Each structure stands twice: as structure tokens, then as C-alpha cells.
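Enquirer: This is upload27.cif (mmCIF, C-alpha atoms and all ligand atoms).
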data_coords
#
loop_
_atom_site.label_atom_id
_atom_site.label_comp_id
_atom_site.auth_asym_id
_atom_site.auth_seq_id
_atom_site.Cartn_x
_atom_site.Cartn_y
_atom_site.Cartn_z
CA MET U 1 0.00 0.00 0.00
CA ARG U 2 1.38 3.44 -0.93
CA ILE U 3 0.60 6.10 1.63
CA GLU U 4 0.60 9.77 0.62
CA PRO U 5 1.15 12.59 3.15
CA LEU U 6 -2.05 14.02 4.68
CA LEU U 7 -0.51 17.49 4.41
CA PRO U 8 2.04 18.27 1.69
CA PRO U 9 5.61 18.86 2.96
CA SER U 10 5.55 22.05 0.87
CA GLU U 11 3.30 23.59 3.56
CA PHE U 12 6.26 23.45 5.99
CA VAL U 13 9.43 25.49 6.24
CA GLY U 14 12.61 23.79 5.07
CA LEU U 15 11.39 20.36 4.00
CA ASP U 16 12.59 20.57 0.37
CA GLY U 17 14.72 17.52 -0.29
CA ILE U 18 14.54 16.50 3.39
CA THR U 19 13.08 13.30 4.79
CA HIS U 20 11.91 14.59 8.17
CA LEU U 21 11.44 11.67 10.58
CA CYS U 22 12.19 13.40 13.87
CA THR U 23 8.95 15.04 14.98
CA GLY U 24 9.40 13.15 18.26
CA GLY U 25 12.15 15.71 18.91
CA GLU U 26 11.00 18.81 17.10
CA SER U 27 8.38 19.16 14.38
CA PRO U 28 8.91 21.34 11.31
CA TRP U 29 7.22 24.73 11.24
CA LEU U 30 4.04 25.37 9.28
CA LYS U 31 4.51 28.19 6.78
CA ALA U 32 1.06 29.43 7.89
CA GLN U 33 2.60 30.31 11.27
CA GLU U 34 4.41 33.24 9.68
CA GLU U 35 1.04 35.03 9.39
CA VAL U 36 0.35 34.34 13.06
CA TYR U 37 3.59 35.97 14.07
CA ALA U 38 2.78 39.07 12.01
CA GLU U 39 -0.69 39.17 13.58
CA PHE U 40 0.79 38.86 17.07
CA ALA U 41 3.16 41.73 16.30
CA ARG U 42 0.22 43.95 15.29
CA HIS U 43 -1.81 43.10 18.42
CA LYS U 44 1.21 43.47 20.68
CA SER U 45 1.66 47.06 19.55
CA ALA U 46 -2.03 47.98 19.83
CA GLY U 47 -2.33 48.50 23.60
CA TYR U 48 -5.30 47.09 25.50
CA ALA U 49 -7.42 46.46 22.41
CA GLY U 50 -4.62 44.33 20.97
CA ARG U 51 -4.21 42.53 24.26
CA ALA U 52 -7.92 41.65 24.26
CA GLU U 53 -7.48 40.12 20.78
CA VAL U 54 -4.55 38.05 21.99
CA TYR U 55 -6.50 36.82 25.03
CA ALA U 56 -9.48 35.94 22.83
CA ARG U 57 -7.13 33.78 20.76
CA GLY U 58 -6.01 32.13 24.00
CA GLU U 59 -9.60 31.18 24.82
CA ARG U 60 -10.07 29.79 21.31
CA CYS U 61 -6.95 27.71 21.80
CA ARG U 62 -8.36 26.35 25.06
CA GLU U 63 -11.62 25.46 23.24
CA ARG U 64 -9.69 23.64 20.55
CA MET U 65 -7.61 21.73 23.11
CA GLY U 66 -10.85 20.63 24.78
CA GLN U 67 -12.07 19.42 21.40
CA LEU U 68 -8.81 17.59 20.67
CA TRP U 69 -8.86 15.77 24.02
CA GLY U 70 -12.64 15.36 24.44
CA VAL U 71 -12.88 17.42 27.64
CA LEU U 72 -14.42 20.71 28.72
CA PRO U 73 -12.16 23.65 27.83
CA GLU U 74 -12.51 25.13 31.31
CA ARG U 75 -10.62 22.12 32.64
CA VAL U 76 -7.60 22.85 30.43
CA ALA U 77 -4.92 25.24 31.70
CA LEU U 78 -2.13 26.63 29.52
CA MET U 79 1.04 25.78 31.43
CA PRO U 80 4.60 26.54 30.31
CA SER U 81 5.92 22.97 29.99
CA ALA U 82 4.90 19.36 30.41
CA ALA U 83 7.32 19.07 33.32
CA GLU U 84 5.39 21.78 35.20
CA GLY U 85 2.12 19.87 34.78
CA MET U 86 3.44 16.67 36.32
CA SER U 87 5.12 18.64 39.11
CA TYR U 88 1.80 20.28 40.01
CA LEU U 89 0.59 16.92 41.35
CA ALA U 90 3.87 16.28 43.14
CA ARG U 91 3.61 19.65 44.90
CA GLY U 92 -0.13 19.90 45.35
CA LEU U 93 -1.26 16.59 46.92
CA ASP U 94 -1.25 16.14 50.73
CA TRP U 95 1.40 13.41 50.75
CA ARG U 96 1.91 11.20 53.81
CA THR U 97 4.77 8.94 54.78
CA GLY U 98 4.19 5.50 53.29
CA ASP U 99 2.38 6.80 50.18
CA ASN U 100 3.71 5.67 46.81
CA VAL U 101 3.81 6.63 43.15
CA VAL U 102 3.79 3.98 40.43
CA THR U 103 5.60 4.61 37.14
CA THR U 104 7.79 2.62 34.73
CA ASN U 105 11.54 2.14 34.50
CA LEU U 106 11.50 3.39 30.89
CA GLU U 107 9.85 6.70 31.67
CA PHE U 108 10.81 10.13 30.42
CA PRO U 109 12.67 11.98 33.23
CA SER U 110 9.92 14.57 33.80
CA VAL U 111 7.49 11.77 34.66
CA ALA U 112 9.94 9.53 36.51
CA TYR U 113 11.48 12.22 38.70
CA ALA U 114 8.66 14.71 39.35
CA TRP U 115 8.39 12.96 42.74
CA ARG U 116 12.03 13.11 43.76
CA LEU U 117 11.66 15.55 46.71
CA LEU U 118 8.84 13.44 48.12
CA ARG U 119 11.23 10.58 48.84
CA ARG U 120 12.56 12.69 51.73
CA GLN U 121 9.07 12.59 53.16
CA GLY U 122 8.99 8.79 52.97
CA VAL U 123 7.09 8.51 49.67
CA GLU U 124 8.14 5.46 47.65
CA VAL U 125 8.57 5.65 43.87
CA ARG U 126 7.85 2.27 42.26
CA MET U 127 9.38 1.83 38.81
CA VAL U 128 7.69 -1.10 37.12
CA PRO U 129 10.18 -2.84 34.80
CA HIS U 130 9.50 -3.30 31.11
CA ARG U 131 9.50 -6.81 29.67
CA ASP U 132 11.57 -6.94 26.51
CA TRP U 133 10.87 -3.20 26.01
CA ILE U 134 7.10 -3.51 26.44
CA VAL U 135 5.43 -2.12 29.58
CA SER U 136 2.39 -4.16 30.54
CA GLU U 137 -0.72 -2.36 31.81
CA GLU U 138 -1.34 -5.38 34.06
CA ASP U 139 2.12 -5.03 35.64
CA LEU U 140 1.46 -1.34 36.31
CA LEU U 141 -1.91 -2.09 37.91
CA SER U 142 -0.42 -4.90 40.00
CA ALA U 143 2.04 -2.42 41.51
CA VAL U 144 -0.83 -0.16 42.65
CA ASP U 145 -2.04 -0.66 46.23
CA GLU U 146 -4.18 1.26 48.74
CA ARG U 147 -1.28 3.69 49.42
CA THR U 148 -0.71 4.57 45.74
CA ARG U 149 -1.56 8.23 45.21
CA VAL U 150 -0.55 8.55 41.56
CA LEU U 151 -0.01 6.22 38.60
CA ALA U 152 2.17 8.38 36.33
CA VAL U 153 2.94 7.36 32.75
CA SER U 154 3.56 8.70 29.28
CA HIS U 155 0.68 7.88 26.95
CA VAL U 156 3.27 7.16 24.22
CA SER U 157 6.83 6.25 25.18
CA PHE U 158 9.61 8.58 24.05
CA TYR U 159 11.94 5.55 24.08
CA THR U 160 9.99 2.74 22.40
CA GLY U 161 6.92 4.44 20.91
CA GLN U 162 4.58 2.12 22.85
CA CYS U 163 1.09 3.59 23.15
CA LEU U 164 -0.36 2.56 26.51
CA ASP U 165 -4.01 1.55 26.84
CA LEU U 166 -5.30 4.39 29.04
CA ALA U 167 -8.81 2.91 29.12
CA ARG U 168 -7.37 -0.28 30.62
CA LEU U 169 -5.43 1.72 33.22
CA ALA U 170 -8.44 3.90 34.10
CA ASP U 171 -10.58 0.78 34.40
CA GLY U 172 -8.08 -0.94 36.66
CA LEU U 173 -7.89 2.10 38.93
CA ARG U 174 -11.66 2.46 39.29
CA GLY U 175 -12.69 2.39 42.95
CA LYS U 176 -9.07 2.86 44.08
CA GLY U 177 -7.65 6.09 45.43
CA ALA U 178 -4.82 6.55 42.92
CA LEU U 179 -4.95 9.37 40.40
CA LEU U 180 -4.01 8.64 36.77
CA ALA U 181 -1.48 11.24 35.54
CA VAL U 182 -0.47 11.17 31.89
CA ASP U 183 2.23 12.91 29.88
CA ALA U 184 0.75 12.96 26.38
CA THR U 185 3.69 14.77 24.73
CA HIS U 186 4.29 11.93 22.23
CA ALA U 187 0.58 11.27 21.73
CA SER U 188 -1.22 14.61 21.46
CA GLY U 189 -1.56 15.58 17.80
CA VAL U 190 -0.81 12.12 16.42
CA VAL U 191 -3.00 9.63 18.32
CA ARG U 192 -6.29 10.24 20.08
CA VAL U 193 -5.83 11.27 23.72
CA PRO U 194 -8.76 10.29 25.97
CA ALA U 195 -7.96 12.88 28.62
CA ALA U 196 -11.39 12.48 30.27
CA LEU U 197 -10.25 9.03 31.50
CA THR U 198 -7.37 10.60 33.39
CA ASP U 199 -6.96 12.94 36.35
CA LEU U 200 -4.20 14.95 34.74
CA THR U 201 -3.07 15.03 31.13
CA VAL U 202 -0.33 17.38 30.04
CA SER U 203 1.49 17.74 26.75
CA SER U 204 4.18 19.96 25.39
CA SER U 205 3.18 21.42 22.05
CA TYR U 206 6.40 21.66 20.02
CA LYS U 207 6.33 18.08 18.77
CA TRP U 208 3.25 16.32 17.36
CA MET U 209 0.96 19.32 17.93
CA LEU U 210 3.08 21.31 15.42
CA ALA U 211 3.45 24.41 17.62
CA THR U 212 6.38 25.58 19.72
CA HIS U 213 7.99 25.81 23.16
CA GLY U 214 6.44 27.75 26.03
CA VAL U 215 2.95 26.30 26.19
CA ALA U 216 1.83 22.91 27.49
CA PRO U 217 -1.94 22.39 27.80
CA CYS U 218 -2.86 20.60 31.01
CA TYR U 219 -6.20 18.93 31.77
CA LEU U 220 -7.07 18.51 35.45
CA SER U 221 -10.09 16.46 36.55
CA ALA U 222 -12.56 17.80 39.14
CA ARG U 223 -11.45 14.97 41.44
CA ALA U 224 -7.77 15.94 41.16
CA GLU U 225 -8.63 19.61 41.61
CA ALA U 226 -10.47 18.78 44.84
CA GLN U 227 -7.50 16.78 46.16
CA THR U 228 -4.77 19.30 45.36
CA GLU U 229 -3.71 22.74 46.48
CA ALA U 230 -2.25 25.33 44.17
CA THR U 231 1.39 25.93 45.13
CA CYS U 232 2.30 28.86 42.92
CA PHE U 233 0.39 32.15 43.17
CA GLY U 234 0.10 35.35 41.20
CA TRP U 235 -2.26 38.02 39.91
CA HIS U 236 -3.81 35.63 37.40
CA ASN U 237 -4.89 32.76 39.63
CA LEU U 238 -5.89 34.73 42.75
CA ASP U 239 -9.41 36.06 43.19
CA ILE U 240 -8.35 39.56 44.22
CA TRP U 241 -9.46 41.83 41.38
CA PRO U 242 -11.83 43.67 41.59
CA LYS U 243 -12.53 42.40 45.13
CA GLN U 244 -9.50 43.92 46.90
CA GLY U 245 -8.70 46.89 44.74
CA ALA U 246 -5.10 48.05 45.04
CA GLU U 247 -4.55 47.63 48.79
CA ARG U 248 -3.53 44.18 50.02
CA THR U 249 -4.74 42.06 52.92
CA PRO U 250 -3.10 38.72 53.77
CA ASP U 251 -6.05 36.63 52.52
CA ALA U 252 -6.60 35.74 48.89
CA ASP U 253 -8.59 32.86 47.43
CA VAL U 254 -7.33 30.79 44.52
CA LYS U 255 -9.53 30.73 41.42
CA PRO U 256 -10.82 27.41 40.11
CA MET U 257 -9.64 25.77 36.87
CA PRO U 258 -8.42 26.80 34.41
CA GLN U 259 -6.81 29.87 36.05
CA ARG U 260 -5.80 27.78 39.07
CA LEU U 261 -2.84 26.43 37.10
CA GLU U 262 -2.01 29.78 35.49
CA PRO U 263 -0.49 32.05 38.17
CA GLY U 264 0.77 34.51 35.55
CA ASN U 265 0.34 35.12 31.84
CA PRO U 266 0.98 32.10 29.65
CA SER U 267 3.35 32.62 26.70
CA MET U 268 0.66 34.16 24.51
CA VAL U 269 2.58 34.12 21.24
CA SER U 270 3.15 30.38 21.71
CA VAL U 271 -0.55 29.98 22.52
CA MET U 272 -1.44 31.70 19.24
CA PHE U 273 0.88 29.36 17.34
CA LEU U 274 -0.74 26.39 19.05
CA ASP U 275 -4.20 27.69 18.21
CA ARG U 276 -3.25 27.85 14.51
CA ALA U 277 -1.77 24.34 14.54
CA LEU U 278 -4.84 22.91 16.29
CA GLU U 279 -7.03 24.31 13.54
CA VAL U 280 -5.02 22.21 11.06
CA LEU U 281 -5.06 19.04 13.18
CA LEU U 282 -8.79 19.27 13.91
CA ARG U 283 -9.61 19.95 10.26
CA ILE U 284 -7.79 16.81 9.13
CA GLY U 285 -9.21 14.82 12.06
CA MET U 286 -7.43 12.85 14.75
CA GLU U 287 -8.74 9.45 13.71
CA ARG U 288 -7.30 9.94 10.21
CA ILE U 289 -3.98 11.19 11.55
CA GLU U 290 -3.75 8.28 14.01
CA ASN U 291 -4.41 5.71 11.27
CA HIS U 292 -1.90 7.40 9.00
CA ALA U 293 0.82 7.30 11.67
CA ARG U 294 0.09 3.65 12.52
CA ASP U 295 0.08 2.64 8.84
CA LEU U 296 3.48 4.28 8.38
CA SER U 297 4.76 2.70 11.61
CA GLU U 298 3.83 -0.73 10.20
CA GLN U 299 5.77 0.05 7.02
CA VAL U 300 8.82 1.21 9.00
CA SER U 301 8.74 -1.93 11.21
CA ALA U 302 8.28 -4.29 8.26
CA GLY U 303 11.19 -2.72 6.38
CA LEU U 304 13.48 -2.82 9.42
CA GLU U 305 12.64 -6.44 10.10
CA ARG U 306 13.39 -7.39 6.50
CA MET U 307 16.85 -5.87 7.11
CA GLY U 308 17.30 -7.98 10.25
CA ARG U 309 16.99 -5.04 12.67
CA THR U 310 15.46 -5.48 16.14
CA VAL U 311 12.36 -3.32 16.42
CA ILE U 312 11.38 -2.57 20.02
CA SER U 313 8.03 -0.86 19.34
CA PRO U 314 4.91 -2.99 19.84
CA GLU U 315 3.68 -5.01 16.86
CA PHE U 316 -0.02 -4.82 17.73
CA ARG U 317 -1.73 -1.88 16.08
CA ALA U 318 -3.18 -0.17 19.15
CA GLY U 319 0.28 -0.23 20.74
CA ARG U 320 1.75 1.69 17.81
CA SER U 321 2.15 5.46 17.55
CA GLY U 322 4.13 7.96 15.46
CA ASN U 323 7.40 6.64 16.97
CA THR U 324 8.92 3.39 15.72
CA CYS U 325 12.20 2.39 17.33
CA PHE U 326 14.98 -0.13 16.72
CA LEU U 327 18.09 -1.12 18.64
CA ALA U 328 21.46 0.12 17.41
CA ASP U 329 24.76 0.05 19.34
CA ASP U 330 25.94 3.19 17.58
CA ALA U 331 22.57 4.97 17.59
CA ARG U 332 24.10 8.46 17.50
CA GLY U 333 26.33 7.46 14.58
CA VAL U 334 23.27 6.18 12.67
CA GLN U 335 21.51 9.51 13.30
CA ASP U 336 24.55 11.50 12.13
CA ARG U 337 25.18 9.43 9.00
CA LEU U 338 21.51 9.57 8.00
CA ALA U 339 21.47 13.33 8.58
CA GLU U 340 24.40 13.68 6.15
CA ARG U 341 22.07 12.05 3.61
CA LYS U 342 19.21 14.43 4.54
CA VAL U 343 17.21 11.87 6.51
CA LEU U 344 16.44 13.30 9.97
CA CYS U 345 15.76 11.01 12.94
CA TRP U 346 16.94 10.61 16.56
CA GLY U 347 19.42 8.01 17.74
CA GLU U 348 20.62 7.80 21.32
CA TYR U 349 20.69 5.48 24.35
CA GLY U 350 21.05 2.35 22.23
CA ARG U 351 18.13 2.86 19.92
CA VAL U 352 17.04 4.88 16.91
CA ARG U 353 13.61 6.55 16.81
CA ILE U 354 11.80 7.08 13.52
CA SER U 355 8.90 9.51 13.87
CA THR U 356 6.20 9.60 11.20
CA HIS U 357 3.55 12.34 11.10
CA LEU U 358 1.06 13.80 8.67
CA TYR U 359 3.63 15.25 6.25
CA ASN U 360 5.28 11.84 5.79
CA GLY U 361 4.38 9.09 3.34
CA THR U 362 5.68 5.80 1.98
CA GLU U 363 8.28 7.68 -0.07
CA ASP U 364 9.94 8.86 3.18
CA VAL U 365 9.92 5.34 4.62
CA GLU U 366 11.50 3.94 1.45
CA ARG U 367 14.17 6.64 1.39
CA PHE U 368 15.03 6.06 5.05
CA LEU U 369 15.31 2.27 4.54
CA LYS U 370 17.46 2.71 1.43
CA GLU U 371 19.85 5.12 3.16
CA LEU U 372 20.00 2.95 6.28
CA ALA U 373 20.95 -0.06 4.14
CA GLU U 374 23.68 2.01 2.45
CA ILE U 375 25.25 3.35 5.65
CA ALA U 376 25.23 -0.14 7.17
C1 LIG W 401 7.44 12.37 27.22
C2 LIG W 401 7.99 13.76 27.17
N1 LIG W 401 7.49 14.67 28.00
C3 LIG W 401 7.92 15.92 28.00
C4 LIG W 401 8.90 16.34 27.12
C5 LIG W 401 9.39 17.75 27.17
O1 LIG W 401 8.34 18.60 27.45
P1 LIG W 401 8.54 20.00 28.19
O2 LIG W 401 9.82 20.58 27.69
O3 LIG W 401 7.32 20.75 27.75
O4 LIG W 401 8.53 19.71 29.65
C6 LIG W 401 9.48 15.43 26.25
C7 LIG W 401 10.54 15.86 25.32
O5 LIG W 401 11.21 15.09 24.69
C8 LIG W 401 9.00 14.11 26.27
O6 LIG W 401 9.55 13.20 25.44
#
Can you turn what I pasted into C-alpha cells?

Expert:
Amino acid sequence: MRIEPLLPPSEFVGLDGITHLCTGGESPWLKAQEEVYAEFARHKSAGYAGRAEVYARGERCRERMGQLWGVLPERVALMPSAAEGMSYLARGLDWRTGDNVVTTNLEFPSVAYAWRLLRRQGVEVRMVPHRDWIVSEEDLLSAVDERTRVLAVSHVSFYTGQCLDLARLADGLRGKGALLAVDATHASGVVRVPAALTDLTVSSSYKWMLATHGVAPCYLSARAEAQTEATCFGWHNLDIWPKQGAERTPDADVKPMPQRLEPGNPSMVSVMFLDRALEVLLRIGMERIENHARDLSEQVSAGLERMGRTVISPEFRAGRSGNTCFLADDARGVQDRLAERKVLCWGEYGRVRISTHLYNGTEDVERFLKELAEIA
């Protein structure tokens, strides 16, 4: 089957002659974003009227994030990074000695180590081991007990590309106290993210969501909001204006979601870029994009296996994502030699990651496989 890109590479900056397979690191930039920057510049110079326009764009971005994740927009805050979202739970829950957090031993550092200060307080961090690079939902659930406060995972693994079954995890946690916290950085924009099944879902937006650094949407469930305290305060998340006027008293209430997680202004230019990118993703449709990425992942895996490479991404379709990974002793060398041939991917820590998104097609997969065979 020949797969054509869902969006032509010509709509992106700098893709002429390039096989771009590293969206898992950094996605290419939509040419349409140049207009957004010009628009931001006009609003930025137009005083309060311009500011109102920028804020209106922020609310539209929130709406679109709600649509993308299937949740109410008022439950989505615009945080600065995915790391900040996960840390909100670490800081905001009323932890007690003997509590624990369950995660995996293949996790991205921001998920694995958000809890590091809590160890001083006697909170245990349980890192469930992978089995031959696959993390089993059953193993994760078996590690959860009555003292587990949070099960923290990436929806899609940065290392293997495995897409975890969040419905299975949410089901297994039903009736238990643990919150389900998800980093959807490698999922959001390429596979469907069922944020409503989770207590917290956060994603950076400079990868699969085609935007840039400085904004990470974060969904927080009503249950998680009730169990947590805000730990960072500012003019934006405190209910002081117009109540208090200019003179301060020591008391100030925290606003509910979404402002609760926004103590100051989000990076509004980044929010406007995200808003523009979401328009594109929603227009094409997440189911189509997900199928496209999984079809390409199957082609990448099949080609690698024909070459005798060891693929560590899951073979079953629902476990696939935009990332398909294979073992390589000299992973960095593979990345560098492919880059010399204008094929961009990421190789480090003993494996190479091939990321396929909506501007990729079978032609990119074939070119990658051909160049890989030549450099080997
Ligand atoms: C799973 C995961 N989460 C988060 C990030 C980084 O996000 P941020 O810089 O917004 O914290 C990355 C970047 O590679 C990632 O792979």
C-alpha cells in the first residue's frame, strides 16, 4: 500500500529535499505560522485592544484543546511545559509517609522524577520494569495498592513508541484512590488522547501538535482539583481583582480551573501558534492522523525487520504510535550518517527513533530504509 502525506511537505518550512522523521524531537514549522507571528506583532503594539485580541485567541486555543482531548475547555490550563504539569501533582497533593507513586523504568525523566523531593518525606517511587521493552498495563496495575496516590505514565513512550491503553489503566484504577497522571507529549496531535479518563493530562506542544515551546496544555479532573492545592500564586490565579482593589490584605482565594494552574500570563505568542496548529489538526481529524501514523509505523517496522533489525516498538496496532524504534549500538552514529544524507531522525541510548507524522508518506519510509541499508 502506498501512503501519501495528509498534508504536503511544501506547507512546511525547510522540508525541500529532506526526509523529516524526527517530529518526536522537534516538528517542522508550518509556513502558515508566519502570518500568526505578524498578527501577534500587530496586536502586541495595539495597547489594551490588541491585548484583548490576543487573550481571545487564547480562549479559542483552550476550546480547541478541549475538542482535541474530548474534555471541557474550562478544565484545560495553559502551562509553560509538560514538566510543570506533572510537578503540580507532586507539589499539590497532601502526601503522607508510606504513600507511593507507580511509574515505569522506561519513563521520560519529567514523569519519573517529578516525585524526587517526596522521597525525603517517605514517599516510595515504584518503577515497574518493562519486559523486553514492552510495559504491561497489568504489571502497572499490580504495583498499585491502597497507598498509591498517583499512577504516572507517558501515553506514548519517548523511548519505544509504545502507546499505553489508558482505558485499561483507568478501568483498573476504578474504585481505588490513585490518580491517573499522563504525559501525552508523544501522543497529542498524532494519536487520540482520551484525557477524560485521566486525572491529569499534560502535553508539550512543540512536537506532534506542530506548535512551539512555552505552552503545554494541562487537563485537570474535578477529582484531582479537589485533592490538590495550588502551590504557585500570582495576579492571574488569585481572586483579588476587583474584590480587593489596590490595597492588600493577607487573605486571597485561589480561582478554580483553568486559572488555578495559570499564576501569571501564559506565553501568549506560543498559545497563538498552538491555536493555529490545532485548527489544522482538527480539520484533518485525529482518527485519520492516528491511522496514517500507525500505517506508516507498520511500514517502518516491516522494512526494518526485512533488514534484520530489532524493532522494540509494539507489533499490535493499538500499541503503535508515530514513533517506531529499533536497537542500534551506535545509535548516534546512525543519526549522524543519515542526517548527512538528509534523513532526519533521533538516535541515542542504544536505539534509533523514527517519527512519522502527517507530512510523511511511503516515499519517506523507502528513502530512510534505502539510506540505512547504504550506511550499514
Ligand atoms: C514524554 C515527554 N514529555 C515531555 C517532554 C518535554 O516537554 P517539556 O519541555 O514541555 O517539559 C518530552 C521531550 O522530549 C518528552 O519526550

Enquirer: Within 10 Å of Met127 in chain U, counting all atoms listed in the file, which residues show up once you throw out same-chain ones fewer than 5 positions away? Write them as number ranges by chain, please.

Expert: U: 101-107, 112, 140, 143

Enquirer: Check the smallest atom-to-atom distance from each of U:Ser110, U:Thr212, U:Thr160, U:Ser321 to ligand LIG 401 (chain W) using only C-alpha atoms and all ligand atoms, then report the winner.

Expert: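 For ligand LIG 401 (chain W), the nearest of the candidates is U:Ser110.
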
Enquirer: Given 5 Å on each side, where is the centre and what are the edge lengths in Å to one decimal of the axis-aligned box enclosing the listed atoms of ligand LIG 401 (chain W), as AutoDock Vina command-line options?

Expert:
--center_x 9.3 --center_y 16.6 --center_z 27.2 --size_x 13.9 --size_y 18.4 --size_z 15.0

Enquirer: Quick one: residues within 9 Å of Trp115 in chain U, only C-alpha atoms, excluding same-chain residues fewer than 2 positions away - as a PyMOL selection string?

Expert: chain U and resi 86-87+89-91+101+111-113+117-119+123-125

Enquirer: At what distance in Å, to one decimal, does CA of Pro129 in chain U lie from CA of Tyr159 in chain U?

Expert: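 CA of Pro129 in chain U lies at a distance of 13.7 Å from CA of Tyr159 in chain U.
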
Enquirer: Would you mind telling me which residue in U:Ser297, U:Ser10, U:Asn265, U:Asn323 lies nearest to ligand LIG 401 (chain W) when using all atoms listed in the file?

Expert: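 That would be U:Asn323, the residue with the smallest distance to ligand LIG 401 (chain W).
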
Enquirer: Please give me, as an MDAnalysis selection string, the residues lying within 9 Å of ligand LIG 401 (chain W) when counting all atoms listed in the file.

Expert: chainID U and resid 24:26 79:86 107:111 153:159 183:187 202:207 213:216

Enquirer: In Å, how far is it from CA of Thr324 in chain U to CA of Leu30 in chain U?

Expert: 23.4 Å

Enquirer: Counting only C-alpha atoms, which residues have an atom no more than 10 Å from (15.5, 5.7, 4.5) in the file's coordinates? Please list them as a ChimeraX atom specification.

Expert: /U:19,21,300,303,338,341-345,354,363-374

Enquirer: For Ile240 in chain U, which residue out of U:Val193, U:Cys163, U:Leu261, U:Ala252 is the nearest one, using all atoms listed in the file?

Expert: U:Ala252

Enquirer: For a quick check of understanding, using only C-alpha atoms, which of U:Val352, U:Ala38, U:Leu278, U:Met272 has the smallest distance to Gly58 in chain U?

Expert: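 Ranked by minimum distance to Gly58 in chain U, first place goes to U:Met272.
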
Enquirer: Nearest residue to Ser142 in chain U out of U:Arg120, U:Leu173, U:Thr356, U:Gly285, using only C-alpha atoms?

Expert: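 Closest candidate: U:Leu173.
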
Enquirer: Would you mind telling me which residue in U:Gly361, U:Gly245, U:Gly66, U:Gly177 lies nearest to Arg147 in chain U when using only C-alpha atoms?

Expert: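 Checking each candidate against Arg147 in chain U, we get U:Gly177 as the closest.
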
Enquirer: Residues around (0.5, 18.0, 47.6), cut-off 9 Å, counting all atoms listed in the file - what are they as a PyMOL selection string?

Expert: chain U and resi 88-95+227-231

Enquirer: Near Arg75 in chain U, within 9 Å and counting all atoms listed in the file, which residues show up once chain neighbours fewer than 2 positions away are dropped, as a PyMOL selection string?

Expert: chain U and resi 62+66+71-73+77+218-222+257-258

Enquirer: Could you please determine the separation between CA of Leu78 in chain U and CA of Pro266 in chain U in Å, to one decimal place?

Expert: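 CA of Pro266 in chain U lies 6.3 Å from CA of Leu78 in chain U.
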
Enquirer: Contacts of range 52-57 of chain U at 10 Å or less, counting all atoms listed in the file, minus same-chain residues fewer than 2 places along, as a PyMOL selection string?

Expert: chain U and resi 39-40+43-44+46-50+59-63+265-266+268-269+271-276
